[in-house]
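*Asks:* File protein34.txt follows (compact mmCIF, C-alpha atoms):
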```
# COMPACT_ATOMS: atom_id res chain seq x y z
CA MET A 224 -8.15 16.68 -25.12
CA LYS A 225 -9.20 13.20 -24.07
CA ILE A 226 -12.95 13.06 -24.78
CA VAL A 227 -13.70 9.49 -23.71
CA PRO A 228 -12.13 9.75 -20.21
CA ILE A 229 -13.82 13.15 -19.70
CA VAL A 230 -17.27 11.72 -20.53
CA PHE A 231 -16.52 8.71 -18.34
CA LEU A 232 -15.41 10.98 -15.48
CA PHE A 233 -18.67 12.97 -15.79
CA LEU A 234 -20.71 9.77 -15.60
CA ILE A 235 -18.82 8.60 -12.52
CA LEU A 236 -19.01 12.03 -10.89
CA GLY A 237 -22.75 12.13 -11.46
CA LEU A 238 -23.25 8.76 -9.84
CA VAL A 239 -20.90 9.57 -6.98
CA LEU A 240 -22.53 12.93 -6.31
CA LEU A 241 -25.92 11.26 -6.14
CA VAL A 242 -24.68 8.96 -3.38
CA ASP A 243 -22.71 11.63 -1.54
CA VAL A 244 -25.43 14.30 -1.63
CA ARG A 245 -27.71 11.82 0.12
CA THR A 246 -25.02 11.29 2.78
CA LEU A 247 -24.46 15.03 3.21
CA VAL A 248 -28.16 15.72 3.61
CA ALA A 249 -28.53 12.87 6.11
CA GLU A 250 -25.50 13.86 8.23
CA GLN A 251 -26.20 17.64 8.49
CA SER A 252 -22.64 18.43 9.57
CA THR A 253 -20.62 21.54 8.64
CA LYS A 254 -17.32 19.73 9.19
CA LEU A 255 -18.45 17.09 6.73
CA TRP A 256 -19.49 19.66 4.13
CA VAL A 257 -16.15 21.46 4.40
CA THR A 258 -14.11 18.23 4.15
CA TYR A 259 -16.19 16.97 1.20
CA GLY A 260 -15.86 20.34 -0.54
CA PHE A 261 -12.09 20.37 -0.04
CA LEU A 262 -11.53 16.81 -1.27
CA TYR A 263 -13.92 17.11 -4.23
CA SER A 264 -12.41 20.39 -5.40
CA ILE A 265 -8.81 19.12 -5.16
CA GLY A 266 -9.66 15.80 -6.82
CA SER A 267 -11.86 17.05 -9.64
CA LEU A 268 -9.72 20.13 -10.38
CA PHE A 269 -6.53 18.11 -10.87
CA THR A 270 -8.30 15.37 -12.82
CA PHE A 271 -9.98 17.81 -15.19
CA LEU A 272 -6.81 19.83 -15.69
CA TYR A 273 -4.96 16.66 -16.62
CA LEU A 274 -7.68 15.52 -19.00
CA LEU A 275 -7.76 18.99 -20.60
CA GLY A 276 -4.03 18.68 -21.21
CA VAL A 277 -2.91 21.42 -18.78
CA ARG A 278 0.62 20.87 -17.43
CA MET A 279 0.43 20.71 -13.64
CA PRO A 280 3.16 21.27 -11.04
CA ASP A 281 4.93 18.08 -10.15
CA LEU A 282 3.80 17.79 -6.52
CA VAL A 283 5.99 14.84 -5.59
CA ARG A 284 9.14 16.53 -6.92
CA LEU A 285 8.57 19.43 -4.47
CA LEU A 286 9.87 17.13 -1.75
CA ASP A 287 13.15 16.43 -3.57
CA PRO A 288 15.31 18.94 -1.59
CA TYR A 289 14.39 17.10 1.61
CA LEU A 290 14.36 13.55 0.30
CA ILE A 291 17.55 13.48 -1.79
CA PRO A 292 20.02 14.07 1.11
CA ILE A 293 18.33 11.38 3.23
CA SER A 294 18.26 8.87 0.40
CA LYS A 295 21.98 9.57 -0.24
CA TRP A 296 22.70 8.97 3.45
CA LEU A 297 20.83 5.66 3.25
CA MET A 298 23.01 4.76 0.21
CA LEU A 299 19.95 4.61 -2.03
CA ARG A 300 21.42 6.96 -4.68
CA MET B 120 -6.66 13.28 26.63
CA LYS B 121 -8.70 12.04 23.66
CA LYS B 122 -11.42 9.60 24.61
CA PRO B 123 -11.93 6.51 22.44
CA MET B 124 -14.69 6.93 19.87
CA ASP B 125 -17.86 4.99 20.54
CA ARG B 126 -17.50 2.12 18.09
CA SER B 127 -20.52 0.14 19.19
CA GLY B 128 -22.15 -1.36 16.14
CA THR B 129 -18.98 -1.19 14.02
CA VAL B 130 -17.92 -4.27 12.11
CA LYS B 131 -15.73 -6.80 13.93
CA ILE B 132 -13.34 -9.00 11.98
CA SER B 133 -11.33 -11.98 13.17
CA ASN B 134 -7.56 -11.82 13.49
CA LEU B 135 -7.28 -14.42 10.75
CA GLN B 136 -9.26 -12.18 8.40
CA LEU B 137 -6.95 -9.27 9.19
CA PHE B 138 -3.85 -11.31 8.39
CA MET B 139 -5.44 -12.75 5.26
CA MET B 140 -5.97 -9.19 4.16
CA ILE B 141 -2.33 -8.33 4.90
CA ILE B 142 -1.11 -11.32 2.87
CA ALA B 143 -3.51 -10.66 -0.02
CA THR B 144 -2.51 -7.02 -0.36
CA THR B 145 1.24 -7.41 0.16
CA THR B 146 2.08 -10.55 -1.79
CA PRO B 147 1.00 -9.79 -5.39
CA PHE B 148 2.38 -6.24 -5.32
CA GLY B 149 5.59 -7.50 -3.71
CA HIS B 150 5.96 -10.27 -6.30
CA PHE B 151 5.43 -7.96 -9.25
CA VAL B 152 7.16 -4.79 -8.10
CA TYR B 153 9.44 -5.16 -5.08
CA ILE B 154 11.16 -8.32 -6.34
CA HIS B 155 12.07 -6.56 -9.58
CA LEU B 156 13.39 -3.55 -7.64
CA SER B 157 15.47 -5.77 -5.37
CA TYR B 158 17.01 -7.40 -8.47
CA LEU B 159 17.97 -3.96 -9.76
CA VAL B 160 19.98 -3.14 -6.63
CA ALA B 161 20.99 -6.50 -5.15
CA GLY B 162 21.11 -8.74 -8.24
CA ARG B 163 21.34 -12.43 -7.44
CA ASP B 164 21.71 -11.63 -3.71
CA ALA B 165 18.08 -10.45 -3.60
CA TYR B 166 17.12 -13.44 -1.47
CA VAL B 167 19.73 -12.44 1.16
CA SER B 168 18.15 -8.97 1.13
CA LEU B 169 14.76 -10.61 1.64
CA VAL B 170 15.96 -12.44 4.76
CA VAL B 171 17.61 -9.32 6.21
CA GLY B 172 14.57 -7.20 5.28
CA SER B 173 12.23 -9.69 6.96
CA LEU B 174 14.21 -9.63 10.22
CA VAL B 175 14.24 -5.83 10.40
CA GLY B 176 10.65 -5.72 9.09
CA ALA B 177 9.54 -8.03 11.92
CA ALA B 178 10.78 -5.54 14.54
CA ILE B 179 9.06 -2.65 12.74
CA VAL B 180 5.77 -4.52 12.32
CA TYR B 181 5.78 -5.59 15.97
CA MET B 182 6.25 -1.97 17.06
CA GLN B 183 3.52 -0.69 14.69
CA LEU B 184 0.95 -3.29 15.76
CA SER B 185 1.79 -2.92 19.47
CA LEU B 186 1.17 0.81 19.21
CA VAL B 187 -2.53 0.22 18.53
CA ALA B 188 -3.02 -3.25 20.06
CA LYS B 189 -2.22 -2.37 23.66
CA PRO B 190 -4.80 0.42 24.12
CA ALA B 191 -7.09 -1.75 21.91
CA LYS B 192 -9.75 0.91 21.33
CA TYR B 193 -7.90 3.37 19.14
CA THR B 194 -6.97 3.50 15.49
CA LEU B 195 -3.53 4.83 14.55
CA ILE B 196 -4.93 8.32 13.92
CA GLU B 197 -6.73 8.40 17.30
CA GLN B 198 -3.67 7.08 19.11
CA THR B 199 -1.50 9.79 17.52
CA GLN B 200 -3.96 12.48 18.59
CA ARG B 201 -4.11 10.95 22.06
CA VAL B 202 -0.32 11.10 22.44
CA PHE B 203 0.43 14.41 20.75
CA GLY B 204 -2.72 16.36 21.59
CA PRO B 205 -5.63 17.39 19.35
CA VAL B 206 -3.85 20.03 17.24
CA PHE B 207 -0.31 18.69 16.75
CA GLY B 208 -1.73 15.15 16.72
CA ARG B 209 -4.04 16.06 13.84
CA VAL B 210 -1.14 17.59 11.90
CA LEU B 211 0.93 14.42 12.32
CA SER B 212 -2.07 12.19 11.57
CA SER B 213 -2.69 13.97 8.29
CA PHE B 214 0.73 12.70 7.15
CA TYR B 215 -0.59 9.18 7.54
CA VAL B 216 -3.66 10.00 5.45
CA LEU B 217 -1.48 11.58 2.76
CA PHE B 218 0.66 8.46 2.78
CA PHE B 219 -2.36 6.18 2.31
CA LEU B 220 -3.46 8.33 -0.63
CA LEU B 221 0.03 8.27 -2.16
CA SER B 222 0.30 4.51 -1.70
CA SER B 223 -3.04 3.95 -3.47
CA ALA B 224 -2.10 6.30 -6.30
CA LEU B 225 1.26 4.61 -6.79
CA THR B 226 -0.38 1.19 -7.03
CA VAL B 227 -2.92 2.50 -9.54
CA ARG B 228 -0.11 4.06 -11.56
CA ILE B 229 1.83 0.79 -11.77
CA LEU B 230 -1.31 -1.26 -12.42
CA THR B 231 -2.32 1.09 -15.25
CA ASP B 232 1.12 0.68 -16.85
CA PHE B 233 0.83 -3.07 -16.58
CA MET B 234 -2.70 -3.09 -18.04
CA GLY B 235 -1.34 -0.96 -20.89
CA ILE B 236 0.58 -4.04 -22.05
CA ILE B 237 -2.68 -5.98 -22.41
CA LEU B 238 -4.92 -3.07 -23.48
CA PRO B 239 -2.59 -0.86 -25.55
CA ASN B 240 -5.38 1.16 -27.23
CA THR B 241 -7.32 2.04 -24.07
CA PRO B 242 -6.49 5.49 -22.62
CA PRO B 243 -4.69 4.98 -19.26
CA PRO B 244 -6.98 7.44 -17.37
CA LEU B 245 -9.95 5.28 -18.38
CA ILE B 246 -8.30 2.17 -16.91
CA SER B 247 -7.33 3.96 -13.69
CA MET B 248 -10.77 5.55 -13.28
CA SER B 249 -12.56 2.23 -13.80
CA VAL B 250 -10.34 0.41 -11.30
CA LEU B 251 -10.55 3.20 -8.73
CA PHE B 252 -14.31 3.48 -9.10
CA LEU B 253 -14.69 -0.23 -8.35
CA CYS B 254 -12.34 0.10 -5.38
CA ALA B 255 -14.29 3.11 -4.09
CA TRP B 256 -17.52 1.14 -4.38
CA LEU B 257 -16.01 -1.69 -2.33
CA VAL B 258 -14.73 0.78 0.27
CA PHE B 259 -18.16 2.44 0.38
CA ALA B 260 -19.72 -0.99 1.03
CA GLY B 261 -17.60 -1.24 4.19
CA LEU B 262 -15.01 -3.38 5.92
CA GLU B 263 -16.99 -6.62 5.88
CA PRO B 264 -17.43 -6.85 2.06
CA LEU B 265 -13.75 -5.93 1.72
CA VAL B 266 -12.70 -8.73 4.06
CA ARG B 267 -15.11 -11.20 2.44
CA THR B 268 -13.66 -10.37 -0.99
CA VAL B 269 -10.20 -11.14 0.35
CA GLN B 270 -11.40 -14.38 1.93
CA GLY B 271 -12.95 -15.46 -1.34
CA THR B 272 -9.95 -14.69 -3.53
CA LEU B 273 -6.86 -15.35 -1.39
CA PRO B 274 -7.04 -19.19 -1.35
CA PHE B 275 -7.28 -19.28 -5.18
CA MET B 276 -4.49 -16.76 -5.53
CA MET B 277 -2.25 -18.80 -3.23
CA LEU B 278 -3.04 -22.04 -5.06
CA LEU B 279 -2.27 -20.44 -8.44
CA GLY B 280 0.96 -18.94 -7.06
CA ILE B 281 2.12 -22.26 -5.61
CA ALA B 282 1.18 -24.07 -8.83
CA ALA B 283 3.16 -21.56 -10.89
CA SER B 284 6.16 -22.03 -8.59
CA VAL B 285 5.97 -25.83 -8.80
CA LEU B 286 5.47 -25.89 -12.58
CA THR B 287 8.61 -23.84 -13.17
CA THR B 288 10.78 -26.13 -11.02
CA PRO B 289 12.22 -28.19 -13.94
CA ASP B 290 13.65 -25.00 -15.54
CA LYS B 291 15.41 -23.82 -12.40
CA HIS B 292 19.21 -23.87 -12.14
CA PRO B 293 20.22 -23.25 -8.50
CA GLU B 294 23.85 -22.61 -9.51
CA ASN B 295 22.67 -19.23 -10.92
CA LEU B 296 22.35 -18.02 -7.32
CA LEU B 297 26.10 -18.38 -6.72
CA PRO B 298 28.41 -16.77 -5.70
CA ILE B 299 26.81 -15.16 -2.67
CA LEU B 300 27.71 -11.54 -1.75
CA GLU B 301 29.94 -11.15 -4.82
CA LYS B 302 29.47 -7.36 -4.86
CA GLY B 303 29.70 -6.87 -1.09
CA VAL B 304 27.21 -5.89 1.58
CA VAL B 305 26.00 -2.50 0.25
CA PRO B 306 23.78 -3.91 -2.57
CA VAL B 307 22.28 -6.38 -0.09
CA TRP B 308 21.51 -3.49 2.30
CA ARG B 309 19.85 -1.51 -0.50
CA GLY B 310 17.79 -4.57 -1.43
CA ALA B 311 16.91 -5.14 2.22
CA LEU B 312 15.61 -1.57 2.45
CA ILE B 313 13.14 -2.38 -0.34
CA TYR B 314 11.75 -5.32 1.64
CA ILE B 315 11.78 -3.24 4.83
CA THR B 316 9.62 -0.74 2.94
CA MET B 317 7.27 -3.54 1.93
CA PHE B 318 6.78 -4.64 5.53
CA SER B 319 6.66 -1.07 6.84
CA GLU B 320 3.66 -0.42 4.59
CA TRP B 321 1.69 -2.62 6.99
CA ILE B 322 1.16 0.62 8.91
CA SER B 323 -2.10 0.82 6.91
CA PHE B 324 -3.47 -2.13 8.85
CA THR B 325 -3.09 -0.34 12.17
CA MET B 326 -6.29 1.43 11.10
CA MET B 327 -8.15 -1.89 11.35
CA VAL B 328 -6.58 -3.50 14.41
CA SER B 329 -9.24 -1.98 16.68
CA ASN B 330 -11.86 -3.86 14.61
CA THR B 331 -10.37 -7.28 15.43
CA ASN B 332 -11.82 -9.73 17.95
CA GLN B 333 -8.59 -10.44 19.83
CA THR B 334 -6.72 -7.20 19.53
CA LYS B 335 -4.01 -7.95 22.10
CA ARG B 336 -2.80 -11.00 20.18
CA VAL B 337 -2.28 -9.09 16.93
CA PRO B 338 1.43 -8.12 17.38
CA LYS B 339 2.59 -11.71 18.00
CA GLN B 340 0.46 -13.01 15.15
CA GLY B 341 2.03 -10.28 13.00
CA LEU B 342 5.43 -11.90 13.56
CA MET B 343 4.03 -15.27 12.43
CA THR B 344 2.65 -13.60 9.33
CA ILE B 345 6.12 -12.24 8.53
CA ALA B 346 7.46 -15.81 8.67
CA ILE B 347 4.68 -16.94 6.27
CA MET B 348 5.48 -14.02 3.97
CA LEU B 349 9.16 -15.00 3.96
CA LEU B 350 8.17 -18.49 2.78
CA MET B 351 5.83 -17.03 0.16
CA PHE B 352 8.55 -14.76 -1.20
CA ILE B 353 11.59 -17.01 -1.22
CA GLY B 354 10.35 -18.97 -4.28
CA PRO B 355 9.46 -15.97 -6.45
CA VAL B 356 12.66 -14.12 -5.43
CA THR B 357 14.96 -16.99 -6.41
CA GLY B 358 12.80 -18.32 -9.32
CA PRO B 359 13.52 -15.81 -12.13
CA ILE B 360 17.26 -15.69 -11.25
CA MET B 361 17.47 -19.50 -11.34
CA ILE B 362 15.63 -19.63 -14.69
CA PHE B 363 16.85 -16.58 -16.62
CA GLY B 364 20.02 -15.61 -14.76
CA GLU B 365 20.80 -12.33 -13.00
CA HIS B 366 21.02 -9.98 -15.98
CA LEU B 367 17.87 -10.91 -17.86
CA SER B 368 15.87 -10.92 -14.60
CA SER B 369 17.10 -7.43 -13.71
CA ASP B 370 16.47 -6.05 -17.21
CA THR B 371 12.84 -7.19 -17.33
CA SER B 372 10.17 -4.93 -15.80
CA TYR B 373 8.10 -7.86 -14.45
CA PRO B 374 10.44 -10.87 -13.97
CA THR B 375 7.90 -13.01 -12.08
CA TYR B 376 5.36 -12.40 -14.87
CA LEU B 377 7.99 -13.53 -17.38
CA GLU B 378 8.57 -16.64 -15.27
CA ILE B 379 4.86 -17.53 -15.34
CA SER B 380 4.64 -16.78 -19.08
CA ASN B 381 7.42 -19.30 -19.72
CA ILE B 382 5.68 -22.26 -18.10
CA ASP B 383 5.73 -25.15 -20.53
CA VAL B 384 4.65 -28.54 -19.19
CA ALA B 385 4.08 -31.59 -21.41
CA ASP B 386 3.44 -29.43 -24.48
CA PHE B 387 -0.10 -28.54 -23.48
CA LEU B 388 0.19 -26.42 -20.33
CA GLN B 389 1.75 -23.32 -21.93
CA ASN B 390 1.56 -19.51 -22.03
CA LEU B 391 -0.06 -19.10 -18.64
CA ASP B 392 0.20 -15.29 -18.83
CA THR B 393 -3.42 -15.04 -17.78
CA ILE B 394 -2.53 -16.45 -14.34
CA GLY B 395 -0.01 -13.65 -13.93
CA VAL B 396 -2.52 -11.02 -15.08
CA LEU B 397 -5.18 -12.45 -12.76
CA LEU B 398 -2.87 -12.56 -9.71
CA TRP B 399 -1.59 -9.06 -10.30
CA THR B 400 -4.89 -7.34 -11.09
CA VAL B 401 -6.79 -8.96 -8.21
CA GLY B 402 -3.90 -8.30 -5.81
CA ALA B 403 -3.57 -4.68 -6.93
CA PHE B 404 -7.35 -4.20 -6.67
CA LEU B 405 -7.31 -5.44 -3.07
CA ARG B 406 -4.29 -3.33 -2.22
CA ILE B 407 -5.84 -0.15 -3.65
CA SER B 408 -9.16 -0.85 -1.90
CA THR B 409 -7.43 -1.44 1.44
CA THR B 410 -5.32 1.72 1.32
CA MET B 411 -8.33 3.73 0.16
CA TYR B 412 -10.33 2.30 3.04
CA CYS B 413 -7.55 3.36 5.42
CA ALA B 414 -7.50 6.86 3.91
CA SER B 415 -11.28 7.10 4.29
CA CYS B 416 -11.05 5.90 7.93
CA GLY B 417 -8.21 8.33 8.57
CA ILE B 418 -10.17 11.33 7.28
CA ALA B 419 -13.23 10.24 9.31
CA ASP B 420 -11.06 9.96 12.45
CA LEU B 421 -9.51 13.37 11.79
CA ILE B 422 -12.93 15.05 11.91
CA ASP B 423 -14.31 12.69 14.59
CA LYS B 424 -16.88 10.91 12.43
CA LYS B 425 -17.91 7.40 13.38
CA ASN B 426 -18.83 6.22 9.87
CA GLN B 427 -15.49 5.10 8.42
CA THR B 428 -16.58 4.79 4.79
CA LEU B 429 -18.05 8.28 4.43
CA PHE B 430 -15.14 9.48 2.34
CA ALA B 431 -14.85 6.60 -0.14
CA PHE B 432 -15.78 8.67 -3.20
CA PRO B 433 -13.91 11.89 -2.37
CA VAL B 434 -10.86 9.70 -1.71
CA PHE B 435 -11.38 8.08 -5.13
CA LEU B 436 -11.17 11.48 -6.82
CA VAL B 437 -8.10 12.59 -4.87
CA VAL B 438 -6.28 9.30 -5.58
CA GLU B 439 -7.09 9.64 -9.29
CA ALA B 440 -5.78 13.21 -9.23
CA ILE B 441 -2.48 12.13 -7.59
CA ASN B 442 -2.22 9.24 -10.04
CA LEU B 443 -2.67 11.57 -13.02
CA THR B 444 -0.13 14.12 -11.77
CA MET B 445 2.29 11.25 -11.28
CA ARG B 446 1.54 9.99 -14.79
CA GLN B 447 2.46 13.39 -16.13
CA ALA B 448 5.62 13.62 -14.04
CA PHE B 449 7.07 10.11 -14.23
CA SER B 450 7.71 7.57 -16.94
CA GLN B 451 7.40 3.90 -15.95
CA TRP B 452 11.12 3.67 -15.22
CA GLU B 453 11.03 6.91 -13.18
CA THR B 454 8.14 5.51 -11.14
CA PHE B 455 10.28 2.50 -10.21
CA ARG B 456 13.18 4.83 -9.44
CA PHE B 457 10.88 6.97 -7.29
CA ILE B 458 9.88 3.87 -5.29
CA MET B 459 13.52 2.86 -4.83
CA THR B 460 14.64 6.26 -3.58
CA ASP B 461 12.18 8.97 -2.52
CA TYR B 462 9.17 6.76 -1.74
CA LEU B 463 11.37 4.57 0.41
CA VAL B 464 12.38 7.58 2.53
CA ILE B 465 8.74 8.68 2.79
CA VAL B 466 7.68 5.19 3.91
CA LEU B 467 10.47 4.99 6.49
CA PHE B 468 9.49 8.37 7.92
CA ILE B 469 5.75 7.68 8.01
CA SER B 470 5.85 4.02 8.98
CA VAL B 471 8.89 3.83 11.22
CA VAL B 472 9.97 7.23 12.60
CA LEU B 473 6.51 8.65 13.39
CA PRO B 474 5.01 5.48 14.95
CA LEU B 475 8.24 4.83 16.89
CA LEU B 476 8.11 8.34 18.35
CA THR B 477 4.44 7.84 19.25
CA PHE B 478 5.19 4.40 20.69
CA VAL B 479 8.07 5.66 22.89
CA ILE B 480 6.06 8.61 24.24
CA ALA B 481 3.00 6.42 24.90
CA TYR B 482 5.20 3.80 26.63
CA PHE B 483 6.89 6.27 29.00
CA ARG B 484 3.59 8.00 29.76
CA GLY B 485 2.13 4.61 30.66
CA LYS B 486 5.11 3.88 32.94
CA ARG B 487 4.79 7.28 34.64
CA LYS B 488 1.08 6.73 35.18
CA GLU B 489 1.76 3.30 36.71
CA ALA B 490 4.40 4.81 39.05
CA ALA B 491 1.99 7.58 40.11
CA GLU B 492 -0.71 4.99 40.89
CA VAL B 493 1.75 2.92 42.99
CA ASN B 494 2.93 6.02 44.93
CA SER B 495 -0.60 7.16 45.68
```
Please, can you express the file's structure as structure tokens?
*Replies:*
Amino acid sequence: MKIVPIVFLFLILGLVLLVDVRTLVAEQSTKLWVTYGFLYSIGSLFTFLYLLGVRMPDLVRLLDPYLIPISKWLMLR
Amino acid sequence: MKKPMDRSGTVKISNLQLFMMIIATTTPFGHFVYIHLSYLVAGRDAYVSLVVGSLVGAAIVYMQLSLVAKPAKYTLIEQTQRVFGPVFGRVLSSFYVLFFLLSSALTVRILTDFMGIILPNTPPPLISMSVLFLCAWLVFAGLEPLVRTVQGTLPFMMLLGIAASVLTTPDKHPENLLPILEKGVVPVWRGALIYITMFSEWISFTMMVSNTNQTKRVPKQGLMTIAIMLLMFIGPVTGPIMIFGEHLSSDTSYPTYLEISNIDVADFLQNLDTIGVLLWTVGAFLRISTTMYCASCGIADLIDKKNQTLFAFPVFLVVEAINLTMRQAFSQWETFRFIMTDYLVIVLFISVVLPLLTFVIAYFRGKRKEAAEVNS
């Protein structure tokens, strides 16, 4: 487990949330709440899982079956 | 059809500021990353690839900028929704946003690796979080501080770059560039694709064209900027090959950095590594900030919000998450390989195929509308 980055991430998250909560309260928009919730959960979940040492699925590699044939056709491989 | 968003009160920038931003974000990353990649595939013919890539890149950039410059009031995301309708348009637009996020994350990943050389004991996530947090703060401050930062730093960066190029002149051996096309045309084509990718990434700036003072002039000025970029790249592309030869240049991860490190003038102007570090870190910082700004704008446009910097901090977290998953999945060499193969295909799809499709449909719709007006 990487303690220093985790503490640092908490500090940043605290500061960021302070700013963003003010924005959310000022805007009063459901669309904004949903989008913020989605982005924050994706971002913080993946970051924490990485910092806790959990092996995550390789998202970029999921595209390989589509990208490899095209890159071969372009003579990149 | 989607109506243009009311942008009264939004920041206006001059065309010069836009193109300064393009140069400041493209040049350092190109010098440190794309030149090395072009050496790996094209060897000493990398400069031929650069010329070919610039010619094709000019056509792509003209098309991309025309797509948003002619209607003048729309960002890329709005224009896509306008052409493809609100639902399908939003689906296609989200690809652009994902691309901006990926582009930022990739830059952070490479910057973190580079900083690891200077700060070997600092955990990489700490470096990436610090850089991204600063970028997010700049994005949150808005377009004007971003542009002002570029204006303040670009002249110094250019002066340092030109000085580095001039100071290495005595060590250059032009005969190292010969023979031309020794291995045929295919390596040159592969190298050209890398430079085409570099120019295609200018799709990010289509998010800011509607903020310029003279929007209609942007496409033509884009072509002039390509010519300036060609001049700014020809020295760094040929420099390491002329000094170290083809093989050593290709084997080094950062050949232009090595070139700067080897400056030795009159026994007192030596070891100018710091110039390289400064150019690269400032350039990467501006590039990350710009792509994050575009991602934030894109998300705001997707949900019809006028404030374009609302999503600076959520974007920061998502970019860090992508960067960390990439760190887990790729070694440094695999990251470079990813850029040379898969990323290149992604860029060509997002920056060439999608905008071209949008451009063609918008063009024929415009023609049909004109014909209908004439007939009536």
*Asks:* Using all atoms listed in the file and a distance of at most 6 Å, pull out the residues of chain B that contact chain A, as number ranges by chain.
*Replies:* B: 245, 433, 436-437, 440, 448, 460-461
*Asks:* I'd like the interatomic distance between atom CA of B:Val356 and atom CA of B:Gly149, to a tenth of an Å.
*Replies:*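 A separation of 9.8 Å between them.
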*Asks:* Give the padded box for stretch 267-276 of chain B as JSON: axis-aligned, covering all atoms listed in the file, 8 Å on each side, centre and edge lengths in Å to one decimal.
*Replies:*
```
{"center_x": -9.8, "center_y": -14.8, "center_z": -1.5, "size_x": 26.6, "size_y": 24.9, "size_z": 24.0}
```
*Asks:* Using atom CA of B:Met317 and atom CA of B:Phe478 as the two end points, give the distance in Å to one decimal.
*Replies:*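 If I compute the distance from atom CA of B:Met317 to atom CA of B:Phe478, I get 20.5 Å.
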*Asks:* Ranking B:Ala178, B:Gln270, B:Trp399, B:Lys291 by minimum distance to B:Ile360 and counting only C-alpha atoms, which one comes first?
*Replies:*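 So, comparing all the options, the nearest one is B:Lys291.
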*Asks:* Give me, as an NGL selection string, all polymer residues having an atom no more than 12 Å from stretch 230-233 of chain B, counting only C-alpha atoms and skipping those fewer than 4 positions away in the same chain.
*Replies:* :B and (147-148 or 151-152 or 223-226 or 237-239 or 241-251 or 372-373 or 376 or 395-407 or 439 or 442-443 or 445-446 or 449-452 or 454-455)
